[in-house]
Amino acid sequence: MNSTQSVEGADAEYLTVQGHGFNTMHDSTGLSRMPQDVMHTPQNINVVPQALMQQQNVKSLDEALRNVPGVTTSIGEGAGGMNGDQFLIRGFQAQNDIYEDGLRDFGVYSRDAFNFETVSVIKGPSSEVFGNGTTGGAINMVTKTPGLKNHYNAEFSGGSGSYYRGTLDVNQKINDSTAFRITGMGDEHNIVGRDNLYSHRWGVAPSLAFGIGKRTTLVLQYMHQQENSVPDFGVPVVTKPGAAYGQPITEYGIRRNNWYGTDNDQNATNANMETARFSFKLNKHITFYDDLRGGEYYRTFAASKATCDTTCVNNYFSADPSKALVARSGPVGAGAGTGAGTYMAPLPYQQTSWSVQNVGSMVADFHTGFLRHQVVAGFDIERVNDVRSQSTYLKPKPYANLVNPNPHVGNLDLVPGDMNPGGLVSLGSLGAKSHSNGYGFDTGLFLFDQIWFTNWLSLKGGFRWDRWQTSYNMTGGNVAKNPDQHFHDVSGVFNPNASLVLTPDSHQTYYFTWANSTTPMGMYVTNGSVPIRPGTNSFASPEKAQLYELGAKYSILHDRLGVTASLFRLDKGNALNADPVTGEITGSSDRQRNQGLELSVGGIILPGWNVSATYALYDSSTTSSATKANRGKNVQYVPHNQATLWSAYNAFAGKPYNVTFGGGLTWREHVWLDAANKFRAPANLDFSAMISHRFNQHWKVSMNGYNLANRLNYQSLFSNRATPSAGRMFLGEISASY
């Protein structure tokens with residue numbers, strides 16, 4: 001493929017270089033405030049390129065990130081309930097660190113890949129670039145935008161699990177500097193190996209670009225994605241009598257298909273984003289950027305979670321497992337099943353959110369004497385508002401049989417929370433409230449400078465200052481018993497960073513980076529039931545992290561192959577914890593550390609033969625905790641080892657009998673699910689493969705197989721539950737491109 005790269009030097013020029021789709025060393029990061037390519041950015045960056053996503057037939061952000069070591073999926077829940085994209089990077093929460101073209105995506109929904117060009121994970125704290133958050137890293141999706149070459153592409157897939165999917169991608173040149181593009185998607189499928197689950201979604205993303213190839217450019221984009229699905233909170237984790245630790249109940253003979261929800265559960269989302277991205281090249285030294293985005297998100301959510309208490313466990317492992325009952329909500333288990341059922345968390349809710357973000361930046365290349373500089377400076381203003389209303393059931397959720405659950409429980413009489421205050425969930429001293437609303441407002445200023453002392457030695461340093469303003473209100477319910485609550489906070493923070501960079505030539509980079517991040521409570525009102533709480537560590541002290549990273553990057557074999565290696569240590573203070581019953585996110589005095597080695601290789605080994613492989617070795621621990629028993633334990637969700645491999649070969653290219661075949665694996669060692677290391681999810685191992693044939697330059701057919709060994713893997717994780725991954729499935733595809 002062709003890409004445009006700037007040449008370092010006193011008189012920067014632009015030229016076209018020949019690269020390869022699987023070697024991402026010369027790819028852009030997709031952020032104007034990170035102007036260097038992946039090779040010259042002093043941070044570990046994993047890029048999932050378009051070519052790899054096409055071979056794997058990637059359909060969602062979750063599937064794309066399975067190619068990145070150190071990324072795991074968690075289940076968010078609680079009175080506020082979440083079941084959208086919930087990722088952890090290097091073991092640390094990243095559900096608020098999802099970006100699209102460098103602007104934050106505040107929505108809580110499952111992101112489809114129909115409009116993705118590439119997906120990148122920028123590892124480690126990056127508050128100097130992104131502001132709040134990014135403890136483990138940031139996820140950035142680069143979207144498909146108009147170009148000056150007409151093309152028309154359509155794809156249709158079908159296969160296991162009643163899978164039907166169609167996508168459309170049309171790009172039309174209007175004149176020599178203007179083009180229009182539209183992508184669309186319709187997707188309907190069940191989950192292989194899980195009963196009663198389905199997902200129906202559709203989306204459309206038109207865009208219009210002006211000034212392509214000119215000094216002044218403007219790209220206007222709109223994205224709409226709508227989904228109706230059933231949330232899956234997985235199976236309970238239990239400790240077998242006499243066992244040293246607990247595991248998912250499916251490890252002890254329960255069918256992986258068992259789903260403990262009800263026919264009242266639903267997840268209906270409606271996500272919209274409008275984006276305007278402007279750039280102006282003043283001269284060969286200075287370029288200005290301004291990116292503006294608005295977002296509107298709507299959600300109706302109702303889910304169930306299974307609780308298998310001591311009675312349930314003892315009954316299951318006794319002579320009569322059919323007596324084992326689980327509660328589908330609330331902190332109390334079914335016991336002997338003497339009651340009618342349970343009412344409590346997670347409760348249904350309706351959520352409306354909107355957000356606005358504007359990032360303005362300047363990139364300046366100039367000299368002071370013999371020193372060459374690249375200065376990036378700018379501002380970042382964002383506001384997010386959220387309104388949420390809880391509902392309750394007048395009828396209890398009946399207990400489910402652990403061995404043979406029945407989801408058909410009938411109408412549970414859903415009513416607004418104010419009509420049944422006794423059914424609301426009490427959040428500690430805050431009481432039980434039916435309505436909440438709040439906002440987070442962040443004003444940030446950033447400045448960093450990279451100074452070249454010689455052509456091969458440079459020092460990069462800078463900072464970002466943020467002013468955070470948060471407000472949160474809890475109203476309704478039994479006001480006499482639980483008065484309305486109103487919280488407000490204003491704080492400022494300063495996050496510096498520094499890097500030493502060595503570039504002996506254009507094919508290799510070595511760096512040492514020190515970076516900070518700060519994650520305040522209350523800035524993420526769209527996630528979690530109570531984003532801020534007064535008088536606690538979670539309100540007074542934000543989560544802070546520091547990164548020390550030593551890395552090397554190479555582009556070898558005439559830029560056919562990219563190789564990276566990094567050693568890092570990531571220290572985090574005031575670690576955030578999620579309560580397994582209420583889902584409340586609160587701070588703690590705990591300090592955690594994750595350190596390790598990450599390796600990756602991607603590119604073309606020989607003509608027609610591509611490879612992408614990664615490996616991560618992690619050593620994590622809780623270095624300090626008020627709970628003495630947790631000290632020295634592994635950090636939740638962090639595996640000791642993790643690896644991915646994908647390779648494909650195009651045989652007889654250009655011949656009528658051409659064929660491309662390939663495959664790979666993803667592997668993750670077991671992970672602990674709680675701070676005390678009493679529950680764990682077993683290792684994951686997933687084999688996949690593909691084969692395709694191209695009839696001519698326009699038509700292609702392909703077949704992908706996933707989880708070919710039909711292993712019982714676990715994808716989404718939480719402290720006392722785990723969700724089995726899909727079983728073996730096959731997906732055929734036919735595509736036309738003109």
# chains A, B, ... in the order shown; residues from 1 in each chain; ligands from 1
$ residues_around --residues "Pro231 of chain A" --least-positions-apart "2" --cutoff "12 Å" --atoms "only C-alpha atoms" --output "PyMOL selection string"
chain A and resi 75-77+81-85+109-110+190-191+194-199+227-229+233-234+259-269+300-305+346+348+716+723
$ write_last_selection --atoms "N, CA and C atoms" --output "CSV table (one decimal), in the first residue's frame"
chain,number,residue,atom,x,y,z
A,75,ILE,N,-16.9,-7.7,32.7
A,75,ILE,CA,-18.3,-7.4,32.7
A,75,ILE,C,-18.6,-6.3,33.7
A,76,GLY,N,-19.2,-5.2,33.2
A,76,GLY,CA,-19.6,-4.2,34.2
A,76,GLY,C,-21.0,-4.4,34.6
A,77,GLU,N,-21.4,-4.0,35.8
A,77,GLU,CA,-22.8,-4.3,36.2
A,77,GLU,C,-23.2,-3.4,37.3
A,81,GLY,N,-25.7,-1.1,35.8
A,81,GLY,CA,-25.7,-2.1,34.8
A,81,GLY,C,-24.9,-1.7,33.5
A,82,MET,N,-24.0,-2.5,33.1
A,82,MET,CA,-23.3,-2.3,31.8
A,82,MET,C,-23.0,-3.7,31.2
A,83,ASN,N,-23.1,-3.7,29.9
A,83,ASN,CA,-22.7,-4.9,29.2
A,83,ASN,C,-22.2,-4.6,27.8
A,84,GLY,N,-21.8,-3.3,27.6
A,84,GLY,CA,-21.1,-3.0,26.3
A,84,GLY,C,-19.7,-3.3,26.3
A,85,ASP,N,-18.9,-2.6,25.5
A,85,ASP,CA,-17.4,-2.9,25.5
A,85,ASP,C,-16.8,-2.5,26.8
A,109,TYR,N,-21.7,0.7,24.6
A,109,TYR,CA,-22.4,-0.2,23.6
A,109,TYR,C,-21.3,-1.0,23.0
A,110,SER,N,-21.7,-2.0,22.3
A,110,SER,CA,-20.7,-2.9,21.6
A,110,SER,C,-20.5,-2.4,20.2
A,190,ASN,N,-27.1,-15.5,16.6
A,190,ASN,CA,-27.1,-16.0,17.9
A,190,ASN,C,-25.7,-16.3,18.4
A,191,ILE,N,-25.6,-16.9,19.6
A,191,ILE,CA,-24.2,-17.2,20.1
A,191,ILE,C,-24.1,-18.7,20.2
A,194,ARG,N,-24.3,-21.0,23.5
A,194,ARG,CA,-25.0,-20.3,24.6
A,194,ARG,C,-26.5,-20.2,24.2
A,195,ASP,N,-27.4,-20.6,25.1
A,195,ASP,CA,-28.8,-20.7,24.9
A,195,ASP,C,-29.4,-19.3,25.0
A,196,ASN,N,-30.5,-19.0,24.2
A,196,ASN,CA,-31.4,-17.9,24.4
A,196,ASN,C,-30.8,-16.5,24.1
A,197,LEU,N,-29.6,-16.5,23.5
A,197,LEU,CA,-28.9,-15.2,23.3
A,197,LEU,C,-28.9,-14.9,21.8
A,198,TYR,N,-29.1,-13.6,21.5
A,198,TYR,CA,-29.0,-13.1,20.2
A,198,TYR,C,-28.6,-11.7,20.1
A,199,SER,N,-28.2,-11.2,19.0
A,199,SER,CA,-27.8,-9.8,18.7
A,199,SER,C,-28.3,-9.4,17.4
A,227,GLU,N,-28.7,-1.3,18.2
A,227,GLU,CA,-28.6,-2.7,18.6
A,227,GLU,C,-29.8,-3.1,19.5
A,228,ASN,N,-30.3,-4.3,19.3
A,228,ASN,CA,-31.2,-5.0,20.2
A,228,ASN,C,-30.7,-6.4,20.4
A,229,SER,N,-30.3,-6.6,21.7
A,229,SER,CA,-29.7,-7.9,22.0
A,229,SER,C,-30.1,-8.3,23.4
A,233,PHE,N,-24.5,-12.3,31.4
A,233,PHE,CA,-23.6,-12.1,32.6
A,233,PHE,C,-23.0,-13.4,33.0
A,234,GLY,N,-23.0,-14.4,32.2
A,234,GLY,CA,-22.2,-15.6,32.4
A,234,GLY,C,-22.7,-16.5,33.4
A,259,TRP,N,-27.8,-20.6,30.4
A,259,TRP,CA,-27.9,-19.1,30.5
A,259,TRP,C,-28.9,-18.9,31.6
A,260,TYR,N,-28.6,-18.0,32.6
A,260,TYR,CA,-29.4,-17.9,33.8
A,260,TYR,C,-30.2,-16.6,33.8
A,261,GLY,N,-30.4,-16.0,32.6
A,261,GLY,CA,-31.2,-14.8,32.5
A,261,GLY,C,-32.7,-15.2,32.4
A,262,THR,N,-33.5,-14.2,32.1
A,262,THR,CA,-34.9,-14.3,31.9
A,262,THR,C,-35.4,-13.7,30.6
A,263,ASP,N,-36.6,-14.0,30.2
A,263,ASP,CA,-37.1,-13.4,28.9
A,263,ASP,C,-37.5,-12.0,29.1
A,264,ASN,N,-37.2,-11.4,30.2
A,264,ASN,CA,-37.4,-9.9,30.4
A,264,ASN,C,-36.1,-9.2,30.2
A,265,ASP,N,-35.0,-9.9,30.0
A,265,ASP,CA,-33.7,-9.2,29.8
A,265,ASP,C,-33.6,-8.6,28.4
A,266,GLN,N,-33.0,-7.4,28.3
A,266,GLN,CA,-32.8,-6.8,27.0
A,266,GLN,C,-31.7,-5.8,27.1
A,267,ASN,N,-31.1,-5.5,25.9
A,267,ASN,CA,-30.1,-4.5,25.8
A,267,ASN,C,-30.4,-3.7,24.5
A,268,ALA,N,-31.0,-2.6,24.6
A,268,ALA,CA,-31.3,-1.8,23.4
A,268,ALA,C,-30.5,-0.5,23.4
A,269,THR,N,-29.6,-0.4,22.4
A,269,THR,CA,-28.8,0.8,22.4
A,269,THR,C,-29.0,1.6,21.1
A,300,THR,N,-31.7,1.2,26.9
A,300,THR,CA,-32.6,0.5,27.8
A,300,THR,C,-32.0,-0.8,28.1
A,301,PHE,N,-31.9,-1.1,29.4
A,301,PHE,CA,-31.1,-2.3,29.8
A,301,PHE,C,-31.8,-3.0,30.9
A,302,ALA,N,-31.8,-4.3,30.8
A,302,ALA,CA,-32.3,-5.2,31.9
A,302,ALA,C,-31.5,-6.5,31.8
A,303,ALA,N,-30.9,-7.0,32.9
A,303,ALA,CA,-30.1,-8.2,32.9
A,303,ALA,C,-30.3,-9.0,34.2
A,304,SER,N,-29.8,-10.2,34.2
A,304,SER,CA,-29.8,-11.1,35.3
A,304,SER,C,-28.4,-11.6,35.6
A,305,LYS,N,-28.1,-11.8,36.9
A,305,LYS,CA,-26.8,-12.4,37.2
A,305,LYS,C,-27.1,-13.5,38.2
A,346,PRO,N,-29.0,-6.8,39.3
A,346,PRO,CA,-29.1,-5.5,38.6
A,346,PRO,C,-30.5,-5.2,38.2
A,348,PRO,N,-33.4,-2.9,36.0
A,348,PRO,CA,-33.5,-2.3,34.7
A,348,PRO,C,-33.3,-0.8,34.8
A,716,SER,N,-15.5,-12.8,28.7
A,716,SER,CA,-15.8,-11.7,29.6
A,716,SER,C,-15.7,-12.2,31.1
A,723,THR,N,-18.1,-15.4,31.6
A,723,THR,CA,-18.9,-15.7,30.4
A,723,THR,C,-18.3,-16.7,29.5
$ residues_around --residues "Leu570 of chain A" --least-positions-apart "5" --cutoff "7 Å" --atoms "only C-alpha atoms" --output "ChimeraX atom specification"
/A:545-548,593-595
$ atom_distance --atom1 "atom CA of Ala345 of chain A" --atom2 "atom CA of Phe718 of chain A"
15.3 Å
$ residues_around --residues "Phe370 of chain A" --least-positions-apart "2" --cutoff "12 Å" --atoms "only C-alpha atoms" --output "PyMOL selection string"
chain A and resi 9-10+366-368+372-373+451-455
$ write_last_selection --atoms "N, CA, C and O atoms" --output "JSON list (two decimals), in the first residue's frame"
[["chain", "number", "residue", "atom", "x", "y", "z"],
["A", 9, "GLY", "N", 14.16, 16.56, 8.99],
["A", 9, "GLY", "CA", 15.23, 17.39, 8.48],
["A", 9, "GLY", "C", 14.85, 18.84, 8.58],
["A", 9, "GLY", "O", 13.73, 19.21, 8.92],
["A", 10, "ALA", "N", 15.79, 19.69, 8.23],
["A", 10, "ALA", "CA", 15.56, 21.12, 8.33],
["A", 10, "ALA", "C", 14.44, 21.57, 7.42],
["A", 10, "ALA", "O", 13.59, 22.38, 7.79],
["A", 366, "PHE", "N", 10.66, 23.39, 13.68],
["A", 366, "PHE", "CA", 11.53, 24.55, 13.47],
["A", 366, "PHE", "C", 12.89, 24.29, 14.11],
["A", 366, "PHE", "O", 13.09, 23.27, 14.78],
["A", 367, "HIS", "N", 13.81, 25.22, 13.92],
["A", 367, "HIS", "CA", 15.16, 25.13, 14.49],
["A", 367, "HIS", "C", 15.42, 26.29, 15.43],
["A", 367, "HIS", "O", 14.92, 27.41, 15.22],
["A", 368, "THR", "N", 16.18, 26.01, 16.49],
["A", 368, "THR", "CA", 16.79, 27.05, 17.31],
["A", 368, "THR", "C", 18.28, 26.75, 17.32],
["A", 368, "THR", "O", 18.73, 25.83, 18.00],
["A", 372, "ARG", "N", 16.89, 20.94, 16.40],
["A", 372, "ARG", "CA", 15.62, 20.84, 15.67],
["A", 372, "ARG", "C", 14.52, 20.49, 16.66],
["A", 372, "ARG", "O", 14.70, 19.66, 17.55],
["A", 373, "HIS", "N", 13.36, 21.12, 16.50],
["A", 373, "HIS", "CA", 12.24, 20.93, 17.42],
["A", 373, "HIS", "C", 11.00, 20.47, 16.66],
["A", 373, "HIS", "O", 10.78, 20.85, 15.50],
["A", 451, "ILE", "N", 13.15, 17.48, 20.97],
["A", 451, "ILE", "CA", 14.35, 18.23, 20.57],
["A", 451, "ILE", "C", 15.40, 17.25, 20.07],
["A", 451, "ILE", "O", 15.78, 16.32, 20.78],
["A", 452, "TRP", "N", 15.86, 17.45, 18.82],
["A", 452, "TRP", "CA", 16.91, 16.61, 18.25],
["A", 452, "TRP", "C", 18.26, 17.29, 18.46],
["A", 452, "TRP", "O", 18.52, 18.38, 17.94],
["A", 453, "PHE", "N", 19.12, 16.64, 19.25],
["A", 453, "PHE", "CA", 20.48, 17.14, 19.46],
["A", 453, "PHE", "C", 21.37, 16.75, 18.29],
["A", 453, "PHE", "O", 22.30, 17.48, 17.93],
["A", 454, "THR", "N", 21.10, 15.58, 17.73],
["A", 454, "THR", "CA", 21.73, 15.12, 16.50],
["A", 454, "THR", "C", 20.64, 14.47, 15.65],
["A", 454, "THR", "O", 19.48, 14.40, 16.08],
["A", 455, "ASN", "N", 20.98, 13.97, 14.48],
["A", 455, "ASN", "CA", 19.98, 13.30, 13.66],
["A", 455, "ASN", "C", 19.44, 12.03, 14.30],
["A", 455, "ASN", "O", 18.36, 11.56, 13.94]]
$ select_by_dssp --residues "segment 411-535 of chain A" --states "helix (DSSP H, G or I)" --output "number ranges by chain"
A: 417-419, 421-423, 428-430
$ residues_around --residues "segment 150-160 of chain A" --least-positions-apart "4" --cutoff "8 Å" --atoms "only C-alpha atoms" --output "list of chain:residue names"
A:Tyr164, A:Arg165, A:Gly166, A:Thr167, A:Leu168, A:Asp169, A:Val170, A:Asn171, A:Gln172, A:Lys173, A:Val192, A:Met729, A:Phe730, A:Leu731, A:Gly732, A:Glu733, A:Ile734, A:Ser735, A:Ala736, A:Ser737, A:Tyr738
$ write_last_selection --atoms "N, CA and C atoms" --output "PDB file, in the first residue's frame"
ATOM      1  N   TYR A 164     -26.089 -13.979  10.015  1.00  0.00           N
ATOM      2  CA  TYR A 164     -26.308 -13.294   8.746  1.00  0.00           C
ATOM      3  C   TYR A 164     -25.760 -11.876   8.887  1.00  0.00           C
ATOM      4  N   ARG A 165     -24.916 -11.498   7.943  1.00  0.00           N
ATOM      5  CA  ARG A 165     -24.284 -10.182   8.035  1.00  0.00           C
ATOM      6  C   ARG A 165     -24.018  -9.640   6.640  1.00  0.00           C
ATOM      7  N   GLY A 166     -24.313  -8.380   6.446  1.00  0.00           N
ATOM      8  CA  GLY A 166     -24.011  -7.718   5.190  1.00  0.00           C
ATOM      9  C   GLY A 166     -23.387  -6.365   5.445  1.00  0.00           C
ATOM     10  N   THR A 167     -22.381  -5.994   4.639  1.00  0.00           N
ATOM     11  CA  THR A 167     -21.750  -4.686   4.753  1.00  0.00           C
ATOM     12  C   THR A 167     -21.634  -4.050   3.374  1.00  0.00           C
ATOM     13  N   LEU A 168     -21.582  -2.720   3.364  1.00  0.00           N
ATOM     14  CA  LEU A 168     -21.486  -1.947   2.133  1.00  0.00           C
ATOM     15  C   LEU A 168     -20.479  -0.825   2.344  1.00  0.00           C
ATOM     16  N   ASP A 169     -19.638  -0.585   1.348  1.00  0.00           N
ATOM     17  CA  ASP A 169     -18.641   0.485   1.411  1.00  0.00           C
ATOM     18  C   ASP A 169     -18.545   1.123   0.029  1.00  0.00           C
ATOM     19  N   VAL A 170     -19.017   2.362  -0.090  1.00  0.00           N
ATOM     20  CA  VAL A 170     -19.031   3.072  -1.373  1.00  0.00           C
ATOM     21  C   VAL A 170     -18.265   4.376  -1.226  1.00  0.00           C
ATOM     22  N   ASN A 171     -17.287   4.596  -2.099  1.00  0.00           N
ATOM     23  CA  ASN A 171     -16.530   5.847  -2.130  1.00  0.00           C
ATOM     24  C   ASN A 171     -16.678   6.467  -3.520  1.00  0.00           C
ATOM     25  N   GLN A 172     -17.089   7.737  -3.549  1.00  0.00           N
ATOM     26  CA  GLN A 172     -17.329   8.409  -4.826  1.00  0.00           C
ATOM     27  C   GLN A 172     -16.592   9.747  -4.859  1.00  0.00           C
ATOM     28  N   LYS A 173     -15.712   9.889  -5.842  1.00  0.00           N
ATOM     29  CA  LYS A 173     -15.023  11.154  -6.057  1.00  0.00           C
ATOM     30  C   LYS A 173     -15.999  12.159  -6.652  1.00  0.00           C
ATOM     31  N   VAL A 192     -23.179 -19.235  19.383  1.00  0.00           N
ATOM     32  CA  VAL A 192     -22.960 -20.681  19.357  1.00  0.00           C
ATOM     33  C   VAL A 192     -22.503 -21.144  20.747  1.00  0.00           C
ATOM     34  N   MET A 729     -17.491 -22.438  15.371  1.00  0.00           N
ATOM     35  CA  MET A 729     -18.386 -21.875  14.378  1.00  0.00           C
ATOM     36  C   MET A 729     -17.656 -21.656  13.061  1.00  0.00           C
ATOM     37  N   PHE A 730     -18.436 -21.664  11.979  1.00  0.00           N
ATOM     38  CA  PHE A 730     -17.915 -21.431  10.636  1.00  0.00           C
ATOM     39  C   PHE A 730     -18.726 -20.317   9.991  1.00  0.00           C
ATOM     40  N   LEU A 731     -18.032 -19.487   9.244  1.00  0.00           N
ATOM     41  CA  LEU A 731     -18.665 -18.347   8.612  1.00  0.00           C
ATOM     42  C   LEU A 731     -18.172 -18.240   7.178  1.00  0.00           C
ATOM     43  N   GLY A 732     -19.090 -18.337   6.233  1.00  0.00           N
ATOM     44  CA  GLY A 732     -18.743 -18.170   4.834  1.00  0.00           C
ATOM     45  C   GLY A 732     -19.038 -16.761   4.377  1.00  0.00           C
ATOM     46  N   GLU A 733     -18.256 -16.280   3.406  1.00  0.00           N
ATOM     47  CA  GLU A 733     -18.426 -14.911   2.940  1.00  0.00           C
ATOM     48  C   GLU A 733     -18.227 -14.833   1.432  1.00  0.00           C
ATOM     49  N   ILE A 734     -19.040 -14.006   0.785  1.00  0.00           N
ATOM     50  CA  ILE A 734     -18.846 -13.671  -0.613  1.00  0.00           C
ATOM     51  C   ILE A 734     -18.776 -12.159  -0.715  1.00  0.00           C
ATOM     52  N   SER A 735     -17.799 -11.660  -1.465  1.00  0.00           N
ATOM     53  CA  SER A 735     -17.603 -10.216  -1.554  1.00  0.00           C
ATOM     54  C   SER A 735     -17.377  -9.804  -2.998  1.00  0.00           C
ATOM     55  N   ALA A 736     -17.820  -8.593  -3.303  1.00  0.00           N
ATOM     56  CA  ALA A 736     -17.622  -8.000  -4.627  1.00  0.00           C
ATOM     57  C   ALA A 736     -17.032  -6.618  -4.445  1.00  0.00           C
ATOM     58  N   SER A 737     -16.012  -6.298  -5.230  1.00  0.00           N
ATOM     59  CA  SER A 737     -15.345  -5.013  -5.119  1.00  0.00           C
ATOM     60  C   SER A 737     -15.047  -4.474  -6.509  1.00  0.00           C
ATOM     61  N   TYR A 738     -15.521  -3.252  -6.764  1.00  0.00           N
ATOM     62  CA  TYR A 738     -15.297  -2.604  -8.058  1.00  0.00           C
ATOM     63  C   TYR A 738     -14.761  -1.200  -7.853  1.00  0.00           C
TER      64      TYR A 738
END
$ residues_around --residues "Asn650 of chain A" --least-positions-apart "2" --cutoff "9 Å" --atoms "only C-alpha atoms" --output "PyMOL selection string"
chain A and resi 607-610+648+652-653+658-662
$ closest_residue --among "A:Leu712, A:Leu414, A:Leu88, A:Leu31" --to "Ser120 of chain A" --atoms "only C-alpha atoms"
A:Leu31
$ residues_around --residues "Pro396 of chain A" --least-positions-apart "4" --cutoff "10 Å" --atoms "only C-alpha atoms" --output "number ranges by chain"
A: 328-329, 339-344, 392, 409, 412-413, 423
$ write_last_selection --atoms "all heavy atoms" --output "compact mmCIF listing (two decimals), in the first residue's frame"
# COMPACT_ATOMS: atom_id res chain seq x y z
N ARG A 328 -31.29 -15.03 40.62
CA ARG A 328 -30.96 -14.30 39.40
C ARG A 328 -30.70 -12.83 39.65
O ARG A 328 -30.43 -12.07 38.71
CB ARG A 328 -32.08 -14.45 38.38
CG ARG A 328 -32.39 -15.90 38.03
CD ARG A 328 -33.31 -15.94 36.83
NE ARG A 328 -34.32 -16.96 36.94
CZ ARG A 328 -34.61 -17.86 36.00
NH1 ARG A 328 -33.94 -17.86 34.87
NH2 ARG A 328 -35.56 -18.73 36.17
N SER A 329 -30.78 -12.37 40.89
CA SER A 329 -30.48 -10.99 41.22
C SER A 329 -30.28 -10.88 42.72
O SER A 329 -30.65 -11.79 43.47
CB SER A 329 -31.63 -10.06 40.79
OG SER A 329 -32.81 -10.36 41.48
N GLY A 339 -38.26 -19.08 49.30
CA GLY A 339 -38.94 -17.85 48.90
C GLY A 339 -39.39 -17.91 47.46
O GLY A 339 -39.13 -18.86 46.72
N ALA A 340 -40.09 -16.82 47.05
CA ALA A 340 -40.60 -16.75 45.67
C ALA A 340 -39.50 -16.37 44.68
O ALA A 340 -39.63 -16.63 43.49
CB ALA A 340 -41.74 -15.74 45.60
N GLY A 341 -38.45 -15.73 45.17
CA GLY A 341 -37.38 -15.27 44.28
C GLY A 341 -36.76 -14.01 44.82
O GLY A 341 -36.92 -13.67 46.00
N THR A 342 -36.07 -13.28 43.97
CA THR A 342 -35.36 -12.07 44.39
C THR A 342 -35.73 -10.90 43.48
O THR A 342 -36.17 -11.08 42.35
CB THR A 342 -33.84 -12.29 44.35
OG1 THR A 342 -33.49 -12.79 43.06
CG2 THR A 342 -33.40 -13.28 45.41
N TYR A 343 -35.53 -9.69 43.99
CA TYR A 343 -35.92 -8.48 43.28
C TYR A 343 -34.74 -7.61 42.87
O TYR A 343 -34.86 -6.80 41.97
CB TYR A 343 -36.81 -7.61 44.19
CG TYR A 343 -38.18 -8.17 44.51
CD1 TYR A 343 -38.35 -9.03 45.57
CD2 TYR A 343 -39.28 -7.81 43.75
CE1 TYR A 343 -39.61 -9.53 45.89
CE2 TYR A 343 -40.55 -8.30 44.05
CZ TYR A 343 -40.71 -9.15 45.13
OH TYR A 343 -41.96 -9.64 45.43
N MET A 344 -33.62 -7.71 43.54
CA MET A 344 -32.63 -6.65 43.54
C MET A 344 -31.71 -6.63 42.31
O MET A 344 -32.07 -7.11 41.25
CB MET A 344 -31.82 -6.73 44.83
CG MET A 344 -32.67 -6.51 46.07
SD MET A 344 -33.43 -4.86 46.10
CE MET A 344 -34.24 -4.87 47.69
N THR A 392 -38.13 -1.01 38.55
CA THR A 392 -38.13 -2.17 39.45
C THR A 392 -39.20 -3.16 39.00
O THR A 392 -40.10 -2.83 38.23
CB THR A 392 -38.41 -1.77 40.91
OG1 THR A 392 -39.75 -1.26 40.99
CG2 THR A 392 -37.44 -0.72 41.40
N VAL A 409 -40.08 -16.82 32.51
CA VAL A 409 -40.63 -16.51 33.83
C VAL A 409 -41.88 -15.65 33.73
O VAL A 409 -42.49 -15.33 34.76
CB VAL A 409 -39.58 -15.81 34.71
CG1 VAL A 409 -38.37 -16.71 34.92
CG2 VAL A 409 -39.16 -14.47 34.11
N LEU A 412 -42.92 -9.81 34.76
CA LEU A 412 -42.55 -9.53 36.14
C LEU A 412 -43.06 -8.17 36.62
O LEU A 412 -42.70 -7.72 37.70
CB LEU A 412 -41.02 -9.58 36.29
CG LEU A 412 -40.36 -10.92 35.98
CD1 LEU A 412 -38.84 -10.83 36.14
CD2 LEU A 412 -40.92 -12.02 36.86
N ASP A 413 -43.90 -7.53 35.81
CA ASP A 413 -44.51 -6.24 36.16
C ASP A 413 -43.45 -5.18 36.41
O ASP A 413 -43.17 -4.78 37.54
CB ASP A 413 -45.41 -6.37 37.39
CG ASP A 413 -46.69 -7.14 37.11
OD1 ASP A 413 -46.97 -7.39 35.93
OD2 ASP A 413 -47.40 -7.49 38.08
N GLY A 423 -38.27 -1.58 46.13
CA GLY A 423 -37.54 -2.48 45.24
C GLY A 423 -36.24 -1.91 44.72
O GLY A 423 -35.52 -2.59 43.98
$ closest_residue --among "A:Gly136, A:Val601, A:Leu65, A:Lys572" --to "Phe92 of chain A" --atoms "only C-alpha atoms"
A:Gly136
$ residues_around --residues "Ala400 of chain A" --least-positions-apart "3" --cutoff "6 Å" --atoms "only C-alpha atoms" --output "PyMOL selection string"
chain A and resi 325-326+405
